[in-house]
Amino acid sequence: MQRGNCPGCLKPQREGYCRNCLTRLFDGKKISPTLPFSRPDLNRTLNDPTHRISLSGAQIKHSVKLSGRSLELTDHGGEYILKPIPFQNFDVVSELPVNEHFTMQLARQVFKINVAENGLVFFNDGEPAYLTRRFDCGRDGMRFLQEDFAQLSQKTEDTHGEGYKYDGSYQEIAELMRKFVGPYAVEVEKFFELVVFNYLILNGDAHLKNFSLFRDPEKGIYTLTPAYDLLNTRLHLPNESGDTALDLFTGDFETKSYQANAYYAKDDFTALGEKLGIRSNRVAKAMEKFTSGFPRIESMMRKSFLSAPSQTRYLDLISDRIKRLTYGFTA
């Protein structure tokens with residue numbers, strides 16, 4: 001376990017979580033980032049479906065709840081999702097939890113994206129795992145109505161095959177938002193920024209199931225849930241194909257920039273913003289936010305739990321994406 005930075009927000013901290021992260025993650029309870037159970041204990045639950053929430057790609061997710069002043073695995077009433085290092089043979093697979101943690105904090109702290117509460121926890125041997133607080137339930141345990149965009153587009157493995165999560169476009173998601181979301185003009189700008197962010201950090205897993213709506217029980221309106229499952233997938237899958245998990249546009253539309261270069265760049269996201277009904281000055285402001293953020297990204301990266309080689313690789317990949325997002329073919 002790396003010392004000196006909070007395993008929640010990454011700010012300087014002598015040990016454990018800072019006070020703000022204890023409040024955000026654990027309602028102020030003083031919880032240690034070291035788990036009271038070992039990885040071998042956790043391994044024994046892998047064949048027990050009662051401990052498994054879902055299997056998303058390679059990652060096994062475990063349900064966890066607070067018990068007194070510690071975290072424990074649970075069969076029901078889970079308040080958190082625990083994601084340990086998967087067993088698959090990906091590149092730098094041991095850094096997958098710290099990759100997701102850093103990327104989620106980057107989204108929140110640098111780009112002001114609303115994300116699920118999250119932090120790192122550690123087994124007794126120092127091995128990290130990613131912990132995120134469930135946002136689909138209130139403090140009273142009541143579950144909120146939540147639907148992802150695979151559900152909203154009525155796409156399943158039975159209807160659209162094994163790759164159904166990737167059968168769609170970001171424009172299609174926005175069209176469904178226009179149908180279901182009352183405050184569309186506000187929420188679609190948040191969605192647009194999240195699409196640009198996923199492109200910036202090379203998240204090849206930003207598919208239909210990784211965007212969701214939930215119903216506010218007080219206001220009775222549907223809005224985007226906090227962002228979740230944000231990470232740089234290219235660190236672990238260097239041969240991953242495609243710029244994005246989904247196409248930007250529905251149908252055969254292509255900008256002149258894409259026709260000339262075969263990759264998404266500034267003109268493509270400008271066109272997407274226009275198709276989503278976002279004012280051009282708002283699109284330009286959002287794009288400027290992401291293309292001018294490299295110094296802050298680099299500064300925050302140095303505080304992360306990623307290894308030095310992974311930090312360098314991550315920053316190089318982002319630098320290349322920033323060049324694309326500032327390149328205008330028609331300018």
# chains A, B, ... in the order shown; residues from 1 in each chain; ligands from 1
$ select_by_dssp --residues "segment 121-250 of chain A" --states "alpha helix (DSSP H)" --output "ChimeraX atom specification"
/A:149-152,157-160,170-180,184-200
$ write_last_selection --atoms "N, CA and C atoms" --output "short mmCIF file (atom, residue, chain, number, x, y, z; two decimals), in the first residue's frame"
data_model
loop_
_atom_site.label_atom_id
_atom_site.label_comp_id
_atom_site.auth_asym_id
_atom_site.auth_seq_id
_atom_site.Cartn_x
_atom_site.Cartn_y
_atom_site.Cartn_z
N PHE A 149 -28.98 2.02 -20.69
CA PHE A 149 -29.47 2.29 -22.04
C PHE A 149 -29.56 1.04 -22.91
N ALA A 150 -29.03 -0.07 -22.46
CA ALA A 150 -29.34 -1.33 -23.14
C ALA A 150 -30.79 -1.69 -22.85
N GLN A 151 -31.20 -1.50 -21.59
CA GLN A 151 -32.59 -1.76 -21.23
C GLN A 151 -33.53 -0.79 -21.94
N LEU A 152 -33.17 0.49 -21.94
CA LEU A 152 -34.05 1.50 -22.52
C LEU A 152 -34.18 1.34 -24.04
N GLU A 157 -28.94 -9.86 -25.21
CA GLU A 157 -28.17 -10.86 -25.96
C GLU A 157 -29.09 -11.69 -26.85
N ASP A 158 -30.31 -11.93 -26.40
CA ASP A 158 -31.27 -12.71 -27.20
C ASP A 158 -31.70 -11.97 -28.46
N THR A 159 -31.86 -10.64 -28.34
CA THR A 159 -32.38 -9.88 -29.48
C THR A 159 -31.27 -9.35 -30.40
N HIS A 160 -30.09 -9.06 -29.84
CA HIS A 160 -29.05 -8.41 -30.64
C HIS A 160 -27.70 -9.12 -30.57
N TYR A 170 -23.70 6.92 -29.48
CA TYR A 170 -23.94 7.93 -28.45
C TYR A 170 -25.07 8.86 -28.87
N GLN A 171 -25.22 9.08 -30.15
CA GLN A 171 -26.37 9.85 -30.63
C GLN A 171 -27.67 9.14 -30.29
N GLU A 172 -27.68 7.83 -30.41
CA GLU A 172 -28.88 7.05 -30.07
C GLU A 172 -29.21 7.19 -28.59
N ILE A 173 -28.20 7.17 -27.73
CA ILE A 173 -28.43 7.35 -26.30
C ILE A 173 -29.09 8.71 -26.05
N ALA A 174 -28.56 9.74 -26.71
CA ALA A 174 -29.14 11.08 -26.54
C ALA A 174 -30.58 11.14 -27.02
N GLU A 175 -30.88 10.42 -28.09
CA GLU A 175 -32.26 10.40 -28.58
C GLU A 175 -33.20 9.74 -27.57
N LEU A 176 -32.71 8.72 -26.88
CA LEU A 176 -33.50 8.11 -25.83
C LEU A 176 -33.63 9.05 -24.63
N MET A 177 -32.58 9.81 -24.34
CA MET A 177 -32.66 10.81 -23.27
C MET A 177 -33.73 11.85 -23.59
N ARG A 178 -33.79 12.26 -24.84
CA ARG A 178 -34.79 13.25 -25.24
C ARG A 178 -36.20 12.72 -24.97
N LYS A 179 -36.36 11.41 -25.08
CA LYS A 179 -37.67 10.78 -24.88
C LYS A 179 -38.00 10.63 -23.40
N PHE A 180 -37.01 10.30 -22.58
CA PHE A 180 -37.30 9.93 -21.19
C PHE A 180 -36.93 11.00 -20.16
N TYR A 184 -33.93 17.70 -20.37
CA TYR A 184 -33.02 17.19 -21.40
C TYR A 184 -31.87 18.15 -21.67
N ALA A 185 -32.16 19.43 -21.80
CA ALA A 185 -31.13 20.40 -22.18
C ALA A 185 -29.98 20.41 -21.19
N VAL A 186 -30.29 20.24 -19.92
CA VAL A 186 -29.25 20.21 -18.88
C VAL A 186 -28.51 18.88 -18.90
N GLU A 187 -29.27 17.80 -18.93
CA GLU A 187 -28.66 16.47 -18.82
C GLU A 187 -27.86 16.09 -20.06
N VAL A 188 -28.28 16.54 -21.24
CA VAL A 188 -27.56 16.15 -22.45
C VAL A 188 -26.18 16.79 -22.50
N GLU A 189 -26.02 17.97 -21.90
CA GLU A 189 -24.69 18.57 -21.83
C GLU A 189 -23.77 17.75 -20.93
N LYS A 190 -24.32 17.23 -19.84
CA LYS A 190 -23.54 16.36 -18.97
C LYS A 190 -23.14 15.09 -19.72
N PHE A 191 -24.09 14.55 -20.48
CA PHE A 191 -23.81 13.35 -21.26
C PHE A 191 -22.73 13.61 -22.30
N PHE A 192 -22.83 14.74 -23.00
CA PHE A 192 -21.84 15.08 -24.01
C PHE A 192 -20.45 15.16 -23.39
N GLU A 193 -20.33 15.80 -22.26
CA GLU A 193 -19.03 15.91 -21.60
C GLU A 193 -18.50 14.54 -21.19
N LEU A 194 -19.39 13.66 -20.78
CA LEU A 194 -18.96 12.32 -20.40
C LEU A 194 -18.47 11.54 -21.61
N VAL A 195 -19.10 11.73 -22.76
CA VAL A 195 -18.65 11.07 -23.99
C VAL A 195 -17.25 11.57 -24.36
N VAL A 196 -17.04 12.89 -24.29
CA VAL A 196 -15.72 13.44 -24.61
C VAL A 196 -14.68 12.93 -23.61
N PHE A 197 -15.04 12.88 -22.34
CA PHE A 197 -14.10 12.39 -21.33
C PHE A 197 -13.71 10.94 -21.61
N ASN A 198 -14.68 10.10 -21.93
CA ASN A 198 -14.38 8.70 -22.23
C ASN A 198 -13.44 8.58 -23.43
N TYR A 199 -13.61 9.46 -24.41
CA TYR A 199 -12.70 9.48 -25.55
C TYR A 199 -11.30 9.92 -25.11
N LEU A 200 -11.25 10.95 -24.30
CA LEU A 200 -9.97 11.49 -23.83
C LEU A 200 -9.14 10.45 -23.09
#
$ closest_residue --among "A:Glu127, A:Ala271, A:Gly4, A:Ser319" --to "Phe253 of chain A" --atoms "only C-alpha atoms"
A:Ala271
$ residues_around --residues "Asn89 of chain A" --least-positions-apart "5" --cutoff "12 Å" --atoms "only C-alpha atoms" --output "list in words"
Ala58, Ser94, Leu96, His236 and Leu237 of chain A
$ residues_around --residues "Ile113 of chain A" --least-positions-apart "3" --cutoff "9 Å" --atoms "only C-alpha atoms" --output "mmCIF file with C-alpha atoms, in the first residue's frame"
data_model
loop_
_atom_site.group_PDB
_atom_site.id
_atom_site.type_symbol
_atom_site.label_atom_id
_atom_site.label_comp_id
_atom_site.auth_asym_id
_atom_site.auth_seq_id
_atom_site.Cartn_x
_atom_site.Cartn_y
_atom_site.Cartn_z
ATOM 1 C CA MET A 104 -12.896 8.314 -11.518
ATOM 2 C CA LEU A 106 -9.795 12.617 -12.485
ATOM 3 C CA ALA A 107 -13.342 12.919 -13.813
ATOM 4 C CA ARG A 108 -14.564 14.439 -10.553
ATOM 5 C CA GLN A 109 -11.704 16.667 -9.499
ATOM 6 C CA VAL A 110 -10.372 18.013 -12.782
ATOM 7 C CA LYS A 190 -23.541 16.360 -18.969
ATOM 8 C CA GLU A 193 -19.027 15.913 -21.602
ATOM 9 C CA LEU A 194 -18.964 12.321 -20.395
ATOM 10 C CA PRO A 226 -23.487 9.427 -11.505
ATOM 11 C CA ALA A 227 -20.833 8.166 -13.919
#
$ residues_around --residues "Gly168 of chain A" --least-positions-apart "2" --cutoff "10 Å" --atoms "only C-alpha atoms" --output "PyMOL selection string"
chain A and resi 149-150+153+155+164-166+170-173+207-208+245-251
$ atom_distance --atom1 "atom CA of Lys11 of chain A" --atom2 "atom CA of Ser299 of chain A"
11.4 Å
$ residues_around --residues "segment 63-73 of chain A" --least-positions-apart "5" --cutoff "8 Å" --atoms "only C-alpha atoms" --output "list in words"
Lys29, Lys30, Ile31, Ser32, Leu35, Pro36, Phe37, His51, Arg52, Ile53, Gly78, Glu79, Tyr80, Ile81 and Leu82 of chain A
$ write_last_selection --atoms "N, CA and C atoms" --output "PDB file, in the first residue's frame"
ATOM      1  N   LYS A  29     -17.857   7.644   9.430  1.00  0.00           N
ATOM      2  CA  LYS A  29     -17.287   6.583  10.258  1.00  0.00           C
ATOM      3  C   LYS A  29     -15.812   6.389   9.910  1.00  0.00           C
ATOM      4  N   LYS A  30     -14.992   6.159  10.915  1.00  0.00           N
ATOM      5  CA  LYS A  30     -13.561   6.004  10.694  1.00  0.00           C
ATOM      6  C   LYS A  30     -13.269   4.573  10.264  1.00  0.00           C
ATOM      7  N   ILE A  31     -13.278   4.360   8.953  1.00  0.00           N
ATOM      8  CA  ILE A  31     -13.063   3.039   8.368  1.00  0.00           C
ATOM      9  C   ILE A  31     -11.638   2.943   7.843  1.00  0.00           C
ATOM     10  N   SER A  32     -10.980   1.861   8.135  1.00  0.00           N
ATOM     11  CA  SER A  32      -9.623   1.650   7.643  1.00  0.00           C
ATOM     12  C   SER A  32      -9.653   1.212   6.187  1.00  0.00           C
ATOM     13  N   LEU A  35      -8.711  -4.028   4.485  1.00  0.00           N
ATOM     14  CA  LEU A  35      -9.887  -4.866   4.676  1.00  0.00           C
ATOM     15  C   LEU A  35      -9.677  -5.896   5.785  1.00  0.00           C
ATOM     16  N   PRO A  36     -10.736  -6.247   6.508  1.00  0.00           N
ATOM     17  CA  PRO A  36     -10.639  -7.233   7.589  1.00  0.00           C
ATOM     18  C   PRO A  36     -10.732  -8.673   7.096  1.00  0.00           C
ATOM     19  N   PHE A  37     -10.633  -8.881   5.790  1.00  0.00           N
ATOM     20  CA  PHE A  37     -10.613 -10.233   5.230  1.00  0.00           C
ATOM     21  C   PHE A  37      -9.539 -10.272   4.149  1.00  0.00           C
ATOM     22  N   HIS A  51     -22.586 -14.294  -3.538  1.00  0.00           N
ATOM     23  CA  HIS A  51     -21.675 -13.180  -3.305  1.00  0.00           C
ATOM     24  C   HIS A  51     -21.383 -12.414  -4.582  1.00  0.00           C
ATOM     25  N   ARG A  52     -21.969 -12.804  -5.680  1.00  0.00           N
ATOM     26  CA  ARG A  52     -21.625 -12.219  -6.969  1.00  0.00           C
ATOM     27  C   ARG A  52     -22.780 -11.366  -7.463  1.00  0.00           C
ATOM     28  N   ILE A  53     -22.509 -10.079  -7.685  1.00  0.00           N
ATOM     29  CA  ILE A  53     -23.547  -9.201  -8.203  1.00  0.00           C
ATOM     30  C   ILE A  53     -23.721  -9.430  -9.701  1.00  0.00           C
ATOM     31  N   GLY A  78     -26.340  -4.983   0.252  1.00  0.00           N
ATOM     32  CA  GLY A  78     -25.031  -4.410  -0.027  1.00  0.00           C
ATOM     33  C   GLY A  78     -25.095  -2.908  -0.257  1.00  0.00           C
ATOM     34  N   GLU A  79     -24.130  -2.210   0.314  1.00  0.00           N
ATOM     35  CA  GLU A  79     -24.046  -0.760   0.160  1.00  0.00           C
ATOM     36  C   GLU A  79     -22.910  -0.345  -0.768  1.00  0.00           C
ATOM     37  N   TYR A  80     -22.006  -1.281  -1.036  1.00  0.00           N
ATOM     38  CA  TYR A  80     -20.818  -1.001  -1.839  1.00  0.00           C
ATOM     39  C   TYR A  80     -20.576  -2.153  -2.810  1.00  0.00           C
ATOM     40  N   ILE A  81     -19.805  -1.856  -3.849  1.00  0.00           N
ATOM     41  CA  ILE A  81     -19.341  -2.884  -4.779  1.00  0.00           C
ATOM     42  C   ILE A  81     -17.824  -2.940  -4.692  1.00  0.00           C
ATOM     43  N   LEU A  82     -17.298  -4.118  -4.505  1.00  0.00           N
ATOM     44  CA  LEU A  82     -15.863  -4.338  -4.393  1.00  0.00           C
ATOM     45  C   LEU A  82     -15.363  -5.038  -5.648  1.00  0.00           C
TER      46      LEU A  82
END
$ select_by_dssp --residues "segment 135-285 of chain A" --states "strand (DSSP E)" --output "PDB file with all heavy atoms, in the first residue's frame"
ATOM      1  N   GLN A 146     -33.684   2.382 -11.581  1.00  0.00           N
ATOM      2  CA  GLN A 146     -32.558   2.676 -12.457  1.00  0.00           C
ATOM      3  C   GLN A 146     -32.616   1.779 -13.687  1.00  0.00           C
ATOM      4  O   GLN A 146     -32.885   0.588 -13.582  1.00  0.00           O
ATOM      5  CB  GLN A 146     -31.231   2.448 -11.723  1.00  0.00           C
ATOM      6  CG  GLN A 146     -30.001   2.654 -12.593  1.00  0.00           C
ATOM      7  CD  GLN A 146     -28.713   2.303 -11.892  1.00  0.00           C
ATOM      8  OE1 GLN A 146     -28.666   2.236 -10.659  1.00  0.00           O
ATOM      9  NE2 GLN A 146     -27.653   2.075 -12.646  1.00  0.00           N
ATOM     10  N   GLU A 147     -32.373   2.364 -14.847  1.00  0.00           N
ATOM     11  CA  GLU A 147     -32.316   1.592 -16.081  1.00  0.00           C
ATOM     12  C   GLU A 147     -31.145   2.074 -16.929  1.00  0.00           C
ATOM     13  O   GLU A 147     -30.952   3.285 -17.093  1.00  0.00           O
ATOM     14  CB  GLU A 147     -33.625   1.732 -16.873  1.00  0.00           C
ATOM     15  CG  GLU A 147     -34.824   1.071 -16.223  1.00  0.00           C
ATOM     16  CD  GLU A 147     -36.036   1.046 -17.136  1.00  0.00           C
ATOM     17  OE1 GLU A 147     -36.150   0.114 -17.945  1.00  0.00           O
ATOM     18  OE2 GLU A 147     -36.846   1.980 -17.023  1.00  0.00           O
ATOM     19  N   ASP A 148     -30.369   1.112 -17.439  1.00  0.00           N
ATOM     20  CA  ASP A 148     -29.287   1.486 -18.341  1.00  0.00           C
ATOM     21  C   ASP A 148     -29.832   1.574 -19.768  1.00  0.00           C
ATOM     22  O   ASP A 148     -30.986   1.237 -20.042  1.00  0.00           O
ATOM     23  CB  ASP A 148     -28.105   0.518 -18.227  1.00  0.00           C
ATOM     24  CG  ASP A 148     -28.460  -0.907 -18.622  1.00  0.00           C
ATOM     25  OD1 ASP A 148     -29.016  -1.105 -19.722  1.00  0.00           O
ATOM     26  OD2 ASP A 148     -28.167  -1.831 -17.829  1.00  0.00           O
ATOM     27  N   SER A 212     -26.671   5.242 -17.508  1.00  0.00           N
ATOM     28  CA  SER A 212     -27.968   4.903 -16.918  1.00  0.00           C
ATOM     29  C   SER A 212     -28.741   6.151 -16.515  1.00  0.00           C
ATOM     30  O   SER A 212     -28.171   7.232 -16.309  1.00  0.00           O
ATOM     31  CB  SER A 212     -27.779   4.023 -15.672  1.00  0.00           C
ATOM     32  OG  SER A 212     -27.159   2.801 -15.979  1.00  0.00           O
ATOM     33  N   LEU A 213     -30.052   5.954 -16.373  1.00  0.00           N
ATOM     34  CA  LEU A 213     -30.940   6.963 -15.808  1.00  0.00           C
ATOM     35  C   LEU A 213     -31.524   6.435 -14.510  1.00  0.00           C
ATOM     36  O   LEU A 213     -31.697   5.229 -14.345  1.00  0.00           O
ATOM     37  CB  LEU A 213     -32.103   7.263 -16.763  1.00  0.00           C
ATOM     38  CG  LEU A 213     -31.795   7.796 -18.146  1.00  0.00           C
ATOM     39  CD1 LEU A 213     -33.108   7.997 -18.915  1.00  0.00           C
ATOM     40  CD2 LEU A 213     -31.007   9.096 -18.089  1.00  0.00           C
ATOM     41  N   PHE A 214     -31.795   7.338 -13.570  1.00  0.00           N
ATOM     42  CA  PHE A 214     -32.626   6.928 -12.456  1.00  0.00           C
ATOM     43  C   PHE A 214     -33.652   7.996 -12.135  1.00  0.00           C
ATOM     44  O   PHE A 214     -33.539   9.141 -12.558  1.00  0.00           O
ATOM     45  CB  PHE A 214     -31.830   6.492 -11.236  1.00  0.00           C
ATOM     46  CG  PHE A 214     -30.983   7.519 -10.550  1.00  0.00           C
ATOM     47  CD1 PHE A 214     -30.981   8.865 -10.893  1.00  0.00           C
ATOM     48  CD2 PHE A 214     -30.164   7.129  -9.508  1.00  0.00           C
ATOM     49  CE1 PHE A 214     -30.197   9.784 -10.235  1.00  0.00           C
ATOM     50  CE2 PHE A 214     -29.362   8.050  -8.834  1.00  0.00           C
ATOM     51  CZ  PHE A 214     -29.371   9.351  -9.198  1.00  0.00           C
ATOM     52  N   ARG A 215     -34.679   7.559 -11.436  1.00  0.00           N
ATOM     53  CA  ARG A 215     -35.808   8.431 -11.118  1.00  0.00           C
ATOM     54  C   ARG A 215     -35.604   9.022  -9.742  1.00  0.00           C
ATOM     55  O   ARG A 215     -35.437   8.308  -8.761  1.00  0.00           O
ATOM     56  CB  ARG A 215     -37.116   7.641 -11.162  1.00  0.00           C
ATOM     57  CG  ARG A 215     -38.370   8.463 -10.883  1.00  0.00           C
ATOM     58  CD  ARG A 215     -39.611   7.591 -10.991  1.00  0.00           C
ATOM     59  NE  ARG A 215     -40.836   8.337 -10.764  1.00  0.00           N
ATOM     60  CZ  ARG A 215     -41.356   8.561  -9.553  1.00  0.00           C
ATOM     61  NH1 ARG A 215     -40.752   8.086  -8.473  1.00  0.00           N
ATOM     62  NH2 ARG A 215     -42.491   9.247  -9.429  1.00  0.00           N
ATOM     63  N   TYR A 222     -36.529  11.824 -14.366  1.00  0.00           N
ATOM     64  CA  TYR A 222     -35.394  10.965 -14.703  1.00  0.00           C
ATOM     65  C   TYR A 222     -34.189  11.835 -15.073  1.00  0.00           C
ATOM     66  O   TYR A 222     -34.321  12.791 -15.848  1.00  0.00           O
ATOM     67  CB  TYR A 222     -35.740  10.038 -15.863  1.00  0.00           C
ATOM     68  CG  TYR A 222     -36.658   8.907 -15.471  1.00  0.00           C
ATOM     69  CD1 TYR A 222     -38.039   9.063 -15.532  1.00  0.00           C
ATOM     70  CD2 TYR A 222     -36.146   7.696 -15.029  1.00  0.00           C
ATOM     71  CE1 TYR A 222     -38.897   8.023 -15.167  1.00  0.00           C
ATOM     72  CE2 TYR A 222     -36.991   6.650 -14.664  1.00  0.00           C
ATOM     73  CZ  TYR A 222     -38.361   6.830 -14.739  1.00  0.00           C
ATOM     74  OH  TYR A 222     -39.183   5.802 -14.372  1.00  0.00           O
ATOM     75  N   THR A 223     -33.049  11.485 -14.517  1.00  0.00           N
ATOM     76  CA  THR A 223     -31.796  12.160 -14.831  1.00  0.00           C
ATOM     77  C   THR A 223     -30.700  11.113 -14.974  1.00  0.00           C
ATOM     78  O   THR A 223     -30.883   9.948 -14.609  1.00  0.00           O
ATOM     79  CB  THR A 223     -31.399  13.153 -13.719  1.00  0.00           C
ATOM     80  OG1 THR A 223     -31.296  12.451 -12.475  1.00  0.00           O
ATOM     81  CG2 THR A 223     -32.428  14.273 -13.587  1.00  0.00           C
ATOM     82  N   LEU A 224     -29.555  11.532 -15.477  1.00  0.00           N
ATOM     83  CA  LEU A 224     -28.420  10.634 -15.557  1.00  0.00           C
ATOM     84  C   LEU A 224     -27.974  10.236 -14.156  1.00  0.00           C
ATOM     85  O   LEU A 224     -27.959  11.068 -13.227  1.00  0.00           O
ATOM     86  CB  LEU A 224     -27.252  11.306 -16.272  1.00  0.00           C
ATOM     87  CG  LEU A 224     -27.351  11.466 -17.791  1.00  0.00           C
ATOM     88  CD1 LEU A 224     -26.241  12.388 -18.283  1.00  0.00           C
ATOM     89  CD2 LEU A 224     -27.258  10.115 -18.495  1.00  0.00           C
TER      90      LEU A 224
END
$ atom_distance --atom1 "atom CA of Lys289 of chain A" --atom2 "atom CA of Asn210 of chain A"
22.9 Å
$ residues_around --residues "Gln88 of chain A" --least-positions-apart "2" --cutoff "9 Å" --atoms "only C-alpha atoms" --output "list in words"
Ala58, Gln59, Ile85, Pro86, Phe90 and Val93 of chain A
$ atom_distance --atom1 "atom CA of Tyr17 of chain A" --atom2 "atom CA of Ser307 of chain A"
20.5 Å
$ closest_residue --among "A:Glu274, A:Asp243, A:Asp229, A:Asp136" --to "Asp216 of chain A" --atoms "only C-alpha atoms"
A:Asp136
$ closest_atom_pairs --of "segment 8-119 of chain A" --to "segment 309-315 of chain A" --cutoff "10 Å" --atoms "only C-alpha atoms" --output "CSV"
residue,atom,partner,partner_atom,distance
A:Val92,CA,A:Ser310,CA,8.2
A:Glu95,CA,A:Ser310,CA,8.5
A:Asn99,CA,A:Ser310,CA,9.0
$ closest_residue --among "A:Phe111, A:Thr103, A:Tyr263, A:Pro33" --to "Asn124 of chain A" --atoms "only C-alpha atoms"
A:Pro33
